[in-house]
2 protein chains.
Amino acid sequence: MYQLANCPRDQLPTLVRRLLHRIATLVIVVTCLQSTTDPTFSGESADTQGRPNIVLILADDLGYGDLGCYGHPTIRTPNLDRMAAEGMRLMQFYSAAPVCTPSRAALLTGRLAIRSGLCSDKRRVLFPASTGGLPAEEVTLAEALQARGYATACVGKWHLGHLRKYLPTRNGFDHYFGLPYSNDMHGAPVNDSGGVSQPLPLFRDESVIESEPDQKLLTERYTTEAVGFIRDSTGATPRKAFFLYLPYTMPHVPLAVSDKFAGRSPRGLYGDAVETIDWSVGQILATLRGAKIADNTLVIFTSDNGPWLTRRLNGGSAGLLRDGKGSTWEGGMREPCIAWWPGNVAAGTTSQAIGSTLDLFPTIVKLAGGKLPTNRELDGYDISQVLQGKDARGPRDEMFYYRDASVFAVRKGPWKLHLTTQTGYGGQPTVHNPPLLFHLERDPGESFDVAKDHADVVAELKKLIDEHRRTVKPGPSQLE
Amino acid sequence: MYQLANCPRDQLPTLVRRLLHRIATLVIVVTCLQSTTDPTFSGESADTQGRPNIVLILADDLGYGDLGCYGHPTIRTPNLDRMAAEGMRLMQFYSAAPVCTPSRAALLTGRLAIRSGLCSDKRRVLFPASTGGLPAEEVTLAEALQARGYATACVGKWHLGHLRKYLPTRNGFDHYFGLPYSNDMHGAPVNDSGGVSQPLPLFRDESVIESEPDQKLLTERYTTEAVGFIRDSTGATPRKAFFLYLPYTMPHVPLAVSDKFAGRSPRGLYGDAVETIDWSVGQILATLRGAKIADNTLVIFTSDNGPWLTRRLNGGSAGLLRDGKGSTWEGGMREPCIAWWPGNVAAGTTSQAIGSTLDLFPTIVKLAGGKLPTNRELDGYDISQVLQGKDARGPRDEMFYYRDASVFAVRKGPWKLHLTTQTGYGGQPTVHNPPLLFHLERDPGESFDVAKDHADVVAELKKLIDEHRRTVKPGPSQLE
C-alpha cells in the first residue's frame with residue numbers, strides 16, 4: 001500500500017494519493033502501537049475529549065544559556081520566563097544529537113538516529129542535494145497521535161527529507177507549513193520532480209508555495225499558522241485533540257527578524273531572533289489561555305542542539321556548559337526545556353531528572369492513551385511522572401552522546417565518560433586513553449577530570465558503551 | 001565625643017559607652033544627612049510607620065551562575081527561585097569590588113572602597129592581625145537608617161574591622177551576631193583588649209561569645225537570630241521599621257553544613273551550602289509573610305563577589321561570565337541580584353539596567369525618607385525607579401572595576417574597556433596596550449575584543465578612567 005501511495009504520484013490526483021497514504025499510515029501505526037486492544041481507539045474519528053493537546057516547540061541552535069530563565073543577562077524572554085514560572089524547567093535535558101537532522105529524527109521517533117539511518121560520519125545532516133529521509137517504516141510521534149485521533153500540524157523547519165515521500169504530510173502531519181531544511185541551504189535540487197535547481201523553498205503541505213521567502217518574516221508567519229491551527233482544532237465539532245509541532249527556523253544563521261523586532265534586544269541580532277521566538281511562544285500560550293484549553297494542553301519548549309559557537313555573536317551561549325553545536329561536550333546537547341501544563345505540571349518548579357528529546361515520544365504517546373510499538377527498539381522513557389512532580393530522579397539513568405554515527409561519550413547517573421572529544425565544528429577528534437570522566441552534577445562545566453580516582457566507574461561506563469555498540473542496529477544511512 | 005566613646009572603654013560601664021557612642025553617631029549622621037529639614041525626622045523615636053523595612057542579604061563568594069533562577073542545573077534554590085518569580089532579577093548587577101572587604105565597605109557606604117581606605121594593592125582584605133577598619137567618619141547604611149528611626153541588626157560576617165571601635169555596633173547596628181571576618185581566618189589577635197591570640201570568634205554585639213563556633217551550624221544560627229530580630233521589631237509598640245543586614249558566612253570556604261543539609265545537593269558540598277542559604281532565605285520571607293509585612297519590606301539578595309574558582313568544586317560558577325573572585329573580568333564582580341517587595345516590585349520581571357551594590361545606599365536611604373550626605377563623594381545612584389519598573393535602563397551608565405586600589409577596567413553603557421587583566425587569584429597582571437574592548441550586552445562572556453573597530457569608544461573610556469583616577473581621593477589605607 002505504501003508503494004501504491006508513493007510511486008505513481010504523478011498520475012494520481014493528490015487527494016487520492018493522500019488518502020491512500022493516510023490509510024497505509026494507519027495500518028502501520030495501528031499494528032505498531034497495538035492500540036486495538038484499547039476500546040477507545042478508533043483511528044481518526046476517535047473521541048479525543050480528555051486527552052491532552054500537545055504543543056512541541058523546538059528552537060534551532062538555541063543554547064542552554066540563551067533564555068532569561070536560564071540566566072542570560074541580556075536576552076529578554078518574558079514569555080518563556082512566565083512559561084517557566086507557570087511550569088517546570090528541566091535542568092538536565094538533552095537533545096539526542098548535537099546537530100539538526102539526527103536530533104529531529106530522534107525527537108520524532110523516540111529512537112536514536114543511528115537506528116533510522118539519519119546520521120553518518122561522512123555527512124552530518126541532510127543537504128538540498130540529499131535524496132534520503134526518514135524511512136517510511138519509522139513511526140513518528142505525529143503518526144502515533146494521528147492514529148489516536150489527533151489533528152496534527154508541523155509548522156516550521158523539517159529537515160528529515162525533502163523528497164515528497166519524506167515530507168511531514170507523509171509522516172503523520174495533516175498540515176505542513178515551513179522550510180524543508182535549514183535556512184542557510186540554497187540552490188540544489190529540492191524535490192524529486194526533476195533535476196531543476198531551486199532556491200530555498202517554502203512549503204505548504206506538499207507544494208512549494210514560495211522560493212526564497214523573506215526570512216525576516218518566517219517566525220511571525222509560523223506563528224500565524226500555528227495560532228490558526230490551534231483555533232481551527234478547538235473550533236471543530238466534536239472538538240479534536242491536536243498536536244502542534246512548531247520547529248522554528250530561528251535562531252539558526254542566517255539570522256533574520258522583522259522590522260518590529262530589529263534592533264530591540266541588547267544582545268544584538270541574535271537576541272532579536274530569540275526575542276521574536278519569545279513573542280511567538282507568548283502568542284501560542286495566549287491562544288491556549290484564550291481558548292480555555294490551557295489546563296488540557298501540554299506545551300514543551302526545547303532546542304535541537306547547542307549554540308553554533310563558530311558563528312561568534314551570531315551564535316548563542318551554552319551558559320556554564322562546555323562547547324556547543326556539533327560537540328558531545330554538554331554544551332552541544334544539553335538544552336533548555338520548559339514544560340507547561342497548568343494544573344498538571346506544578347508552577348515554578350525545576351527538575352534535575354535526566355531527560356532527553358528521546359523521551360518525548362513515549363511520554364506523549366502514553367499521555368494520549370496510546371501504546372508503544374513493541375516491534376522495534378525505543379530509546380526513550382516515559383517521563384510523565386517527572387513532569388507531574390511525582391518522580392524527582394526520573395526513569396532515565398543513562399545517555400549516549402553520538403557525534404554523527406559514533407558514540408563519543410556516555411552518561412550514567414551523574415557520571416560522564418568521554419572516549420573521544422572534538423570541538424563542535426572543525427578540529428580533529430581526540431581519542432582519550434584513558435578516557436575522561438566527569439561528575440556532571442558537581443561539575444556541569446566538565447572542568448575536572450576525575451578518571452584516575454574512579455577506575456570502577458570508568459570500567460562500568462566503558463562496558464556500557466561496548467554493550468551499546470554491540471547491540472545497536474544501525475539503519476541504512478540516509479545521508480549519503 | 002567619639003574619643004570619649006572609644007577611648008576610655010576599660011573604665012566606663014558598657015552601657016554608658018554605648019550611649020555615648022549612639023549620641024555621637026546621631027550627631028554625625030544628622031549632620032551628614034541634613035535631615036533636620038525633614039519635619040518627620042526625630043532620630044530614634046521617629047514614627048517609622050509607612051517606611052519600608054529593609055532586608056539586605058549577602059552571600060559570600062556566590063557566583064552569577066550559582067542559583068537555579070540564574071540557570072544552575074543542579075543547585076536547587078526553590079525559595080530564591082520563588083523570590084525571583086515574585087520579584088525582579090537584575091541581570092547586570094555588580095558588587096563594587098571582586099573581594100570581600102572592599103566590596104562590603106562599598107555596599108554599606110555607597111562609596112568606592114578606595115575612598116574609605118578599605119582596599120590596598122598590598123593586602124586584599126582585612127586579616128585577623130589587621131588593626132584597621134571602616135573609619136568612624138564614614139556613614140553606613142545602618143547609621144543612616146538608625147537615624148531615621150529604624151531598628152537595625154547585622155547578622156553574619158562583618159569584615160570591616162574587628163577592633164571594638166570598628167564593630168557593627170559602632171556602625172549603626174543595634175545588634176550584631178556573627179563572625180568578624182572570613183571563616184578561614186584563625187589564630188591572630190582579634191580585638192584590641194590585649195595581645196592574646198584567639199581562634200575564630202563568634203560575636204554577640206561587642207562580646208566574643210564563642211571561639212571556633214561549629215561552622216556547620218552558622219547559617220541556621222544566623223537564621224534564628226534574623227527571624228528573632230524581625231519578630232522583635234514587628235512586635236514592638238509602636239511598630240518600628242527595621243533594617244536587617246544578613247551577610248551569610250557561606251558559601252565561602254571552608255564549606256560547612258548541618259546534618260540536615262549534608263549530602264542533599266547533587267552539586268555536592270558547595271550545593272549543600274547554597275541550598276542551606278536558600279532554605280534560610282525561605283525562612284526570612286515566610287516570617288515576613290507571616291507577620292503580614294511583606295508588602296512593606298524590600299528584600300535584596302546578592303553576593304559580595306564572584307565564585308572562588310581556584311577552590312575548584314568548593315568554589316562556585318559565574319555561569320556564562322568569564323573568571324571569578326578576585327578578578328575584574330565580569331565573573332569576578334557581576335552577581336545575582338533579586339529584589340522582592342510585593343506590590344512594589346513587579347512579580348517575575350528582569351531588569352537589564354546596570355546596577356551596583358554602591359546603589360543600595362542611596363536607594364534605600366531615599367526609600368526611608370532620608371537625605372544623602374552632601375559633604376562627601378557618593379558613588380551610587382538611586383535605582384528605586386528600576387526596582388519599581390519605571391526605568392528600564394536605570395540611572396547608572398558607568399562602572400569602575402577596581403582590583404584592590406587600582407582601576408583595571410571601566411564600563412560605560414554596553415562597553416567595557418580593560419587596561420589590565422589578571423586571573424582571579426594568583427597570576428601576574430597583563431597590561432593591555434592597546435586596551436581590550438568588549439560589548440558586554442552582546443558578548444557578556446567577554447570573548448570578542450572589538451577595540452580595533454571602535455577607536456572612538458576606546459578613547460572615550462580611557463578618558464573616563466583618566467578622569468576618575470585624577471579626581472578620586474583615596475582614603476588612608478586601613479589594610480596595612
# chains A, B, ... in the order shown; residues from 1 in each chain; ligands from 1
>>> interface_residues(of="chain A", to="chain B", cutoff="10 Å", atoms="only C-alpha atoms", output="PDB file with C-alpha atoms, in the first residue's frame")
ATOM      1  CA  TYR A  64      21.382  26.138  27.305  1.00  0.00           C
ATOM      2  CA  GLY A  65      22.227  29.662  28.416  1.00  0.00           C
ATOM      3  CA  ASP A  66      20.188  31.678  25.936  1.00  0.00           C
ATOM      4  CA  LEU A  67      16.965  32.313  27.837  1.00  0.00           C
ATOM      5  CA  GLY A  68      16.350  34.759  30.646  1.00  0.00           C
ATOM      6  CA  CYS A  69      15.044  31.927  32.786  1.00  0.00           C
ATOM      7  CA  TYR A  70      18.284  30.021  32.230  1.00  0.00           C
ATOM      8  CA  GLY A  71      20.360  33.030  33.249  1.00  0.00           C
ATOM      9  CA  HIS A  72      21.083  35.006  30.100  1.00  0.00           C
ATOM     10  CA  PRO A  73      21.619  38.611  31.158  1.00  0.00           C
ATOM     11  CA  THR A  74      20.546  40.495  28.054  1.00  0.00           C
ATOM     12  CA  ILE A  75      18.263  38.247  26.008  1.00  0.00           C
ATOM     13  CA  ARG A  76      14.854  39.159  27.337  1.00  0.00           C
ATOM     14  CA  THR A  77      12.358  36.325  27.255  1.00  0.00           C
ATOM     15  CA  PRO A  78       9.440  37.409  29.428  1.00  0.00           C
ATOM     16  CA  ASP A  81      10.190  33.163  31.742  1.00  0.00           C
ATOM     17  CA  ARG A  82       6.480  33.262  32.543  1.00  0.00           C
ATOM     18  CA  ALA A  84       8.776  28.593  33.306  1.00  0.00           C
ATOM     19  CA  ALA A  85       7.228  30.349  36.292  1.00  0.00           C
ATOM     20  CA  GLU A  86       3.938  28.626  35.498  1.00  0.00           C
ATOM     21  CA  ARG A  89      12.312  23.874  33.940  1.00  0.00           C
ATOM     22  CA  LEU A  90      14.196  20.674  33.253  1.00  0.00           C
ATOM     23  CA  MET A  91      17.854  21.301  34.040  1.00  0.00           C
ATOM     24  CA  GLN A  92      19.426  18.114  32.718  1.00  0.00           C
ATOM     25  CA  PHE A  93      17.567  17.696  29.478  1.00  0.00           C
ATOM     26  CA  SER A 265      17.493  43.316  22.010  1.00  0.00           C
ATOM     27  CA  PRO A 266      20.598  44.485  23.878  1.00  0.00           C
ATOM     28  CA  ARG A 267      22.094  41.167  22.749  1.00  0.00           C
ATOM     29  CA  GLY A 268      22.022  42.284  19.105  1.00  0.00           C
ATOM     30  CA  LEU A 269      20.600  40.381  16.155  1.00  0.00           C
ATOM     31  CA  TYR A 270      20.836  37.009  17.871  1.00  0.00           C
ATOM     32  CA  GLY A 271      18.863  38.429  20.777  1.00  0.00           C
ATOM     33  CA  ARG A 312      30.554  34.085  17.188  1.00  0.00           C
ATOM     34  CA  LEU A 313      27.988  36.719  18.103  1.00  0.00           C
ATOM     35  CA  ASN A 314      25.512  35.238  15.610  1.00  0.00           C
ATOM     36  CA  GLY A 316      24.259  31.586  21.159  1.00  0.00           C
ATOM     37  CA  SER A 317      25.560  30.597  24.563  1.00  0.00           C
ATOM     38  CA  ALA A 318      25.654  27.321  26.439  1.00  0.00           C
ATOM     39  CA  GLY A 319      25.898  29.201  29.740  1.00  0.00           C
ATOM     40  CA  LEU A 320      28.145  27.363  32.156  1.00  0.00           C
ATOM     41  CA  LEU A 321      28.370  24.328  29.866  1.00  0.00           C
ATOM     42  CA  ARG A 322      31.334  23.468  27.697  1.00  0.00           C
ATOM     43  CA  PRO A 336      16.737  24.469  27.957  1.00  0.00           C
ATOM     44  CA  ALA A 347       4.195  26.067  38.727  1.00  0.00           C
ATOM     45  CA  GLY A 348       7.703  27.398  39.261  1.00  0.00           C
ATOM     46  CA  THR A 349       9.409  24.062  39.645  1.00  0.00           C
ATOM     47  CA  THR A 350      12.685  22.658  38.384  1.00  0.00           C
ATOM     48  CA  SER A 351      13.677  19.072  37.815  1.00  0.00           C
ATOM     49  CA  GLN A 352      17.147  17.576  37.973  1.00  0.00           C
ATOM     50  CA  ALA A 353      15.938  14.351  36.374  1.00  0.00           C
ATOM     51  CA  PRO A 414      25.967  11.794  37.458  1.00  0.00           C
ATOM     52  CA  HIS A 439      30.857  14.186  37.649  1.00  0.00           C
ATOM     53  CA  LEU A 440      28.281  16.254  35.792  1.00  0.00           C
ATOM     54  CA  GLU A 441      26.132  17.169  38.751  1.00  0.00           C
ATOM     55  CA  ARG A 442      29.047  18.549  40.748  1.00  0.00           C
ATOM     56  CA  ASP A 443      30.958  19.739  37.718  1.00  0.00           C
ATOM     57  CA  PRO A 444      28.477  20.605  34.972  1.00  0.00           C
ATOM     58  CA  GLY A 445      31.152  22.612  33.164  1.00  0.00           C
ATOM     59  CA  SER A 447      36.348  21.102  34.141  1.00  0.00           C
ATOM     60  CA  PHE A 448      37.799  18.424  36.407  1.00  0.00           C
TER      61      PHE A 448
END
>>> select_by_dssp(residues="region 242-458 of chain A", states="alpha helix (DSSP H)", output="number ranges by chain")
A: 269-290, 330-333, 360-367, 384-387, 455-458
>>> select_by_dssp(residues="region 148-276 of chain B", states="strand (DSSP E)", output="NGL selection string")
:B and (151-155 or 175-178 or 201-204 or 207-211 or 242-247)
>>> write_last_selection(atoms="C-alpha atoms", output="JSON list (two decimals), in the first residue's frame")
[["chain", "number", "residue", "atom", "x", "y", "z"],
["B", 151, "ALA", "CA", 15.75, 49.15, 64.41],
["B", 152, "THR", "CA", 18.93, 47.69, 62.95],
["B", 153, "ALA", "CA", 20.78, 44.40, 63.12],
["B", 154, "CYS", "CA", 23.77, 42.82, 61.46],
["B", 155, "VAL", "CA", 23.64, 39.04, 61.47],
["B", 175, "HIS", "CA", 22.54, 44.29, 67.34],
["B", 176, "TYR", "CA", 25.31, 42.15, 65.97],
["B", 177, "PHE", "CA", 25.67, 38.41, 65.83],
["B", 178, "GLY", "CA", 28.29, 36.75, 63.69],
["B", 201, "PRO", "CA", 35.48, 34.29, 67.29],
["B", 202, "LEU", "CA", 31.72, 34.49, 67.26],
["B", 203, "PHE", "CA", 30.42, 37.84, 68.46],
["B", 204, "ARG", "CA", 27.24, 38.97, 70.02],
["B", 207, "SER", "CA", 31.49, 40.36, 73.09],
["B", 208, "VAL", "CA", 33.10, 37.19, 71.87],
["B", 209, "ILE", "CA", 30.64, 34.55, 72.95],
["B", 210, "GLU", "CA", 32.34, 31.53, 71.40],
["B", 211, "SER", "CA", 35.67, 30.52, 69.97],
["B", 242, "PHE", "CA", 13.72, 47.68, 60.72],
["B", 243, "PHE", "CA", 16.88, 47.13, 58.76],
["B", 244, "LEU", "CA", 18.26, 43.61, 58.75],
["B", 245, "TYR", "CA", 21.66, 43.13, 57.18],
["B", 246, "LEU", "CA", 22.26, 39.40, 56.76],
["B", 247, "PRO", "CA", 25.69, 38.65, 55.31]]
>>> residues_around(residues="Leu200 (chain B)", least_positions_apart="2", cutoff="9 Å", atoms="only C-alpha atoms", output="number ranges by chain")
B: 128, 179-188, 190, 198, 202, 210-213
>>> residues_around(residues="His454 (chain A)", least_positions_apart="3", cutoff="12 Å", atoms="only C-alpha atoms", output="tab-separated table (two decimals) with all heavy atoms, in the first residue's frame")
chain	number	residue	atom	x	y	z
A	415	TRP	N	27.68	10.52	36.24
A	415	TRP	CA	28.99	10.34	35.64
A	415	TRP	C	28.93	10.39	34.11
A	415	TRP	O	28.07	9.81	33.51
A	415	TRP	CB	29.59	8.98	36.05
A	415	TRP	CG	29.78	8.81	37.51
A	415	TRP	CD1	29.01	8.06	38.35
A	415	TRP	CD2	30.80	9.40	38.32
A	415	TRP	NE1	29.49	8.15	39.63
A	415	TRP	CE2	30.58	8.96	39.64
A	415	TRP	CE3	31.87	10.25	38.05
A	415	TRP	CZ2	31.40	9.35	40.71
A	415	TRP	CZ3	32.68	10.64	39.10
A	415	TRP	CH2	32.45	10.20	40.41
A	416	LYS	N	29.93	11.05	33.53
A	416	LYS	CA	30.04	11.07	32.08
A	416	LYS	C	31.45	10.68	31.67
A	416	LYS	O	32.43	11.25	32.14
A	416	LYS	CB	29.72	12.46	31.54
A	416	LYS	CG	29.84	12.59	30.01
A	416	LYS	CD	29.38	13.95	29.54
A	416	LYS	CE	29.56	14.15	28.04
A	416	LYS	NZ	29.15	15.53	27.65
A	417	LEU	N	31.49	9.72	30.76
A	417	LEU	CA	32.78	9.23	30.26
A	417	LEU	C	32.93	9.63	28.80
A	417	LEU	O	32.07	9.34	27.98
A	417	LEU	CB	32.81	7.69	30.37
A	417	LEU	CG	34.15	7.03	30.06
A	417	LEU	CD1	35.05	7.06	31.30
A	417	LEU	CD2	33.94	5.58	29.61
A	434	PRO	N	43.74	6.88	28.89
A	434	PRO	CA	42.42	6.55	29.43
A	434	PRO	C	41.38	7.61	29.10
A	434	PRO	O	41.74	8.76	28.81
A	434	PRO	CB	42.70	6.50	30.94
A	434	PRO	CG	43.84	7.43	31.15
A	434	PRO	CD	44.70	7.27	29.94
A	435	PRO	N	40.11	7.21	29.17
A	435	PRO	CA	39.03	8.17	28.88
A	435	PRO	C	38.95	9.25	29.96
A	435	PRO	O	39.55	9.12	31.02
A	435	PRO	CB	37.77	7.29	28.93
A	435	PRO	CG	38.22	5.89	28.94
A	435	PRO	CD	39.60	5.88	29.52
A	436	LEU	N	38.20	10.30	29.66
A	436	LEU	CA	37.95	11.36	30.64
A	436	LEU	C	36.67	11.05	31.40
A	436	LEU	O	35.70	10.59	30.81
A	436	LEU	CB	37.77	12.71	29.93
A	436	LEU	CG	38.82	13.16	28.93
A	436	LEU	CD1	38.41	14.49	28.29
A	436	LEU	CD2	40.18	13.28	29.60
A	437	LEU	N	36.69	11.34	32.69
A	437	LEU	CA	35.49	11.12	33.49
A	437	LEU	C	35.14	12.41	34.25
A	437	LEU	O	36.00	13.00	34.90
A	437	LEU	CB	35.72	9.99	34.50
A	437	LEU	CG	34.50	9.61	35.35
A	437	LEU	CD1	33.45	8.87	34.52
A	437	LEU	CD2	34.91	8.77	36.56
A	438	PHE	N	33.88	12.82	34.14
A	438	PHE	CA	33.41	14.00	34.87
A	438	PHE	C	32.17	13.65	35.70
A	438	PHE	O	31.36	12.83	35.28
A	438	PHE	CB	33.05	15.13	33.89
A	438	PHE	CG	34.24	15.60	33.08
A	438	PHE	CD1	34.46	15.10	31.80
A	438	PHE	CD2	35.13	16.50	33.61
A	438	PHE	CE1	35.56	15.52	31.06
A	438	PHE	CE2	36.23	16.93	32.88
A	438	PHE	CZ	36.45	16.44	31.60
A	439	HIS	N	32.07	14.29	36.84
A	439	HIS	CA	30.86	14.19	37.65
A	439	HIS	C	29.99	15.39	37.28
A	439	HIS	O	30.18	16.50	37.76
A	439	HIS	CB	31.21	14.22	39.14
A	439	HIS	CG	30.05	13.89	40.03
A	439	HIS	ND1	28.95	14.69	40.17
A	439	HIS	CD2	29.83	12.80	40.84
A	439	HIS	CE1	28.10	14.14	41.01
A	439	HIS	NE2	28.59	13.00	41.44
A	449	ASP	N	38.60	16.44	35.34
A	449	ASP	CA	38.64	15.00	35.02
A	449	ASP	C	39.01	14.22	36.28
A	449	ASP	O	40.04	14.47	36.90
A	449	ASP	CB	39.68	14.78	33.92
A	449	ASP	CG	39.91	13.30	33.62
A	449	ASP	OD1	39.02	12.48	33.93
A	449	ASP	OD2	41.00	12.98	33.08
A	450	VAL	N	38.14	13.28	36.65
A	450	VAL	CA	38.38	12.51	37.88
A	450	VAL	C	38.54	11.02	37.58
A	450	VAL	O	38.33	10.17	38.44
A	450	VAL	CB	37.25	12.74	38.91
A	450	VAL	CG1	37.31	14.16	39.46
A	450	VAL	CG2	35.87	12.46	38.32
A	451	ALA	N	38.92	10.72	36.33
A	451	ALA	CA	39.00	9.30	35.93
A	451	ALA	C	39.93	8.51	36.84
A	451	ALA	O	39.61	7.39	37.23
A	451	ALA	CB	39.47	9.21	34.47
A	457	VAL	N	34.19	3.24	38.05
A	457	VAL	CA	33.18	3.92	37.24
A	457	VAL	C	33.61	3.96	35.78
A	457	VAL	O	32.80	3.71	34.87
A	457	VAL	CB	32.93	5.36	37.77
A	457	VAL	CG1	31.91	6.08	36.92
A	457	VAL	CG2	32.51	5.33	39.23
A	458	VAL	N	34.87	4.23	35.54
A	458	VAL	CA	35.38	4.24	34.16
A	458	VAL	C	35.12	2.88	33.51
A	458	VAL	O	34.61	2.81	32.38
A	458	VAL	CB	36.89	4.57	34.14
A	458	VAL	CG1	37.46	4.37	32.74
A	458	VAL	CG2	37.13	6.01	34.62
A	459	ALA	N	35.44	1.84	34.23
A	459	ALA	CA	35.26	0.49	33.67
A	459	ALA	C	33.78	0.22	33.38
A	459	ALA	O	33.42	-0.31	32.32
A	459	ALA	CB	35.82	-0.55	34.65
A	460	GLU	N	32.93	0.59	34.31
A	460	GLU	CA	31.49	0.35	34.15
A	460	GLU	C	30.95	1.11	32.93
A	460	GLU	O	30.17	0.57	32.13
A	460	GLU	CB	30.76	0.80	35.42
A	460	GLU	CG	29.28	0.51	35.40
A	460	GLU	CD	28.54	1.18	36.57
A	460	GLU	OE1	29.20	1.74	37.45
A	460	GLU	OE2	27.30	1.13	36.55
A	461	LEU	N	31.37	2.35	32.77
A	461	LEU	CA	30.83	3.15	31.67
A	461	LEU	C	31.41	2.71	30.32
A	461	LEU	O	30.72	2.77	29.29
A	461	LEU	CB	31.05	4.65	31.92
A	461	LEU	CG	29.87	5.32	32.66
A	461	LEU	CD1	29.72	4.78	34.07
A	461	LEU	CD2	30.00	6.83	32.67
>>> residues_around(residues="Ser356 (chain B)", least_positions_apart="4", cutoff="8 Å", atoms="only C-alpha atoms", output="PyMOL selection string")
chain B and resi 93-96+360+380
>>> residues_around(residues="region 392-394 of chain B", least_positions_apart="3", cutoff="9 Å", atoms="only C-alpha atoms", output="MDAnalysis selection string")
chainID B and resid 351:355 381:383 385:386 389 397
>>> residues_around(residues="Val281 (chain B)", least_positions_apart="2", cutoff="9 Å", atoms="only C-alpha atoms", output="PDB file with N, CA, C and O atoms, in the first residue's frame")
ATOM      1  N   ILE B  57      20.403  40.897  52.070  1.00  0.00           N
ATOM      2  CA  ILE B  57      21.014  39.581  52.252  1.00  0.00           C
ATOM      3  C   ILE B  57      22.198  39.455  51.310  1.00  0.00           C
ATOM      4  O   ILE B  57      22.084  39.700  50.104  1.00  0.00           O
ATOM      5  N   ASN B  79      13.439  28.462  47.044  1.00  0.00           N
ATOM      6  CA  ASN B  79      12.997  29.680  47.737  1.00  0.00           C
ATOM      7  C   ASN B  79      13.486  30.933  47.024  1.00  0.00           C
ATOM      8  O   ASN B  79      12.744  31.905  46.879  1.00  0.00           O
ATOM      9  N   LEU B  80      14.729  30.906  46.566  1.00  0.00           N
ATOM     10  CA  LEU B  80      15.233  32.053  45.806  1.00  0.00           C
ATOM     11  C   LEU B  80      14.555  32.118  44.441  1.00  0.00           C
ATOM     12  O   LEU B  80      14.292  33.208  43.920  1.00  0.00           O
ATOM     13  N   MET B  83      11.352  33.682  45.162  1.00  0.00           N
ATOM     14  CA  MET B  83      11.594  35.104  45.420  1.00  0.00           C
ATOM     15  C   MET B  83      11.734  35.848  44.089  1.00  0.00           C
ATOM     16  O   MET B  83      11.178  36.936  43.896  1.00  0.00           O
ATOM     17  N   THR B 223      20.008  32.351  60.885  1.00  0.00           N
ATOM     18  CA  THR B 223      18.587  32.398  60.536  1.00  0.00           C
ATOM     19  C   THR B 223      17.728  32.626  61.767  1.00  0.00           C
ATOM     20  O   THR B 223      16.808  33.458  61.759  1.00  0.00           O
ATOM     21  N   THR B 276      21.372  25.465  51.792  1.00  0.00           N
ATOM     22  CA  THR B 276      21.082  25.893  53.167  1.00  0.00           C
ATOM     23  C   THR B 276      20.713  27.378  53.186  1.00  0.00           C
ATOM     24  O   THR B 276      19.761  27.795  53.856  1.00  0.00           O
ATOM     25  N   ILE B 277      21.467  28.162  52.438  1.00  0.00           N
ATOM     26  CA  ILE B 277      21.144  29.588  52.328  1.00  0.00           C
ATOM     27  C   ILE B 277      19.754  29.764  51.719  1.00  0.00           C
ATOM     28  O   ILE B 277      18.957  30.592  52.175  1.00  0.00           O
ATOM     29  N   ASP B 278      19.473  28.965  50.700  1.00  0.00           N
ATOM     30  CA  ASP B 278      18.144  29.051  50.085  1.00  0.00           C
ATOM     31  C   ASP B 278      17.056  28.773  51.120  1.00  0.00           C
ATOM     32  O   ASP B 278      16.054  29.494  51.193  1.00  0.00           O
ATOM     33  N   TRP B 279      17.265  27.747  51.911  1.00  0.00           N
ATOM     34  CA  TRP B 279      16.305  27.448  52.983  1.00  0.00           C
ATOM     35  C   TRP B 279      16.164  28.649  53.912  1.00  0.00           C
ATOM     36  O   TRP B 279      15.049  29.054  54.277  1.00  0.00           O
ATOM     37  N   GLN B 283      12.988  31.001  55.059  1.00  0.00           N
ATOM     38  CA  GLN B 283      12.524  31.282  56.421  1.00  0.00           C
ATOM     39  C   GLN B 283      12.288  32.774  56.630  1.00  0.00           C
ATOM     40  O   GLN B 283      11.309  33.178  57.260  1.00  0.00           O
ATOM     41  N   ILE B 284      13.192  33.574  56.097  1.00  0.00           N
ATOM     42  CA  ILE B 284      13.065  35.027  56.242  1.00  0.00           C
ATOM     43  C   ILE B 284      11.776  35.498  55.555  1.00  0.00           C
ATOM     44  O   ILE B 284      10.974  36.244  56.130  1.00  0.00           O
ATOM     45  N   LEU B 285      11.590  35.052  54.315  1.00  0.00           N
ATOM     46  CA  LEU B 285      10.409  35.504  53.571  1.00  0.00           C
ATOM     47  C   LEU B 285       9.123  34.995  54.220  1.00  0.00           C
ATOM     48  O   LEU B 285       8.124  35.709  54.273  1.00  0.00           O
ATOM     49  N   ALA B 286       9.180  33.771  54.718  1.00  0.00           N
ATOM     50  CA  ALA B 286       7.992  33.234  55.393  1.00  0.00           C
ATOM     51  C   ALA B 286       7.673  34.042  56.647  1.00  0.00           C
ATOM     52  O   ALA B 286       6.504  34.273  56.966  1.00  0.00           O
ATOM     53  N   PHE B 301      18.637  40.314  47.645  1.00  0.00           N
ATOM     54  CA  PHE B 301      19.595  39.215  47.789  1.00  0.00           C
ATOM     55  C   PHE B 301      20.684  39.386  46.746  1.00  0.00           C
ATOM     56  O   PHE B 301      20.405  39.503  45.549  1.00  0.00           O
TER      57      PHE B 301
END
>>> closest_residue(among="B:Ser477, B:Ser258, B:Ser327, B:Thr310", to="Val407 (chain B)", atoms="only C-alpha atoms")
B:Ser327
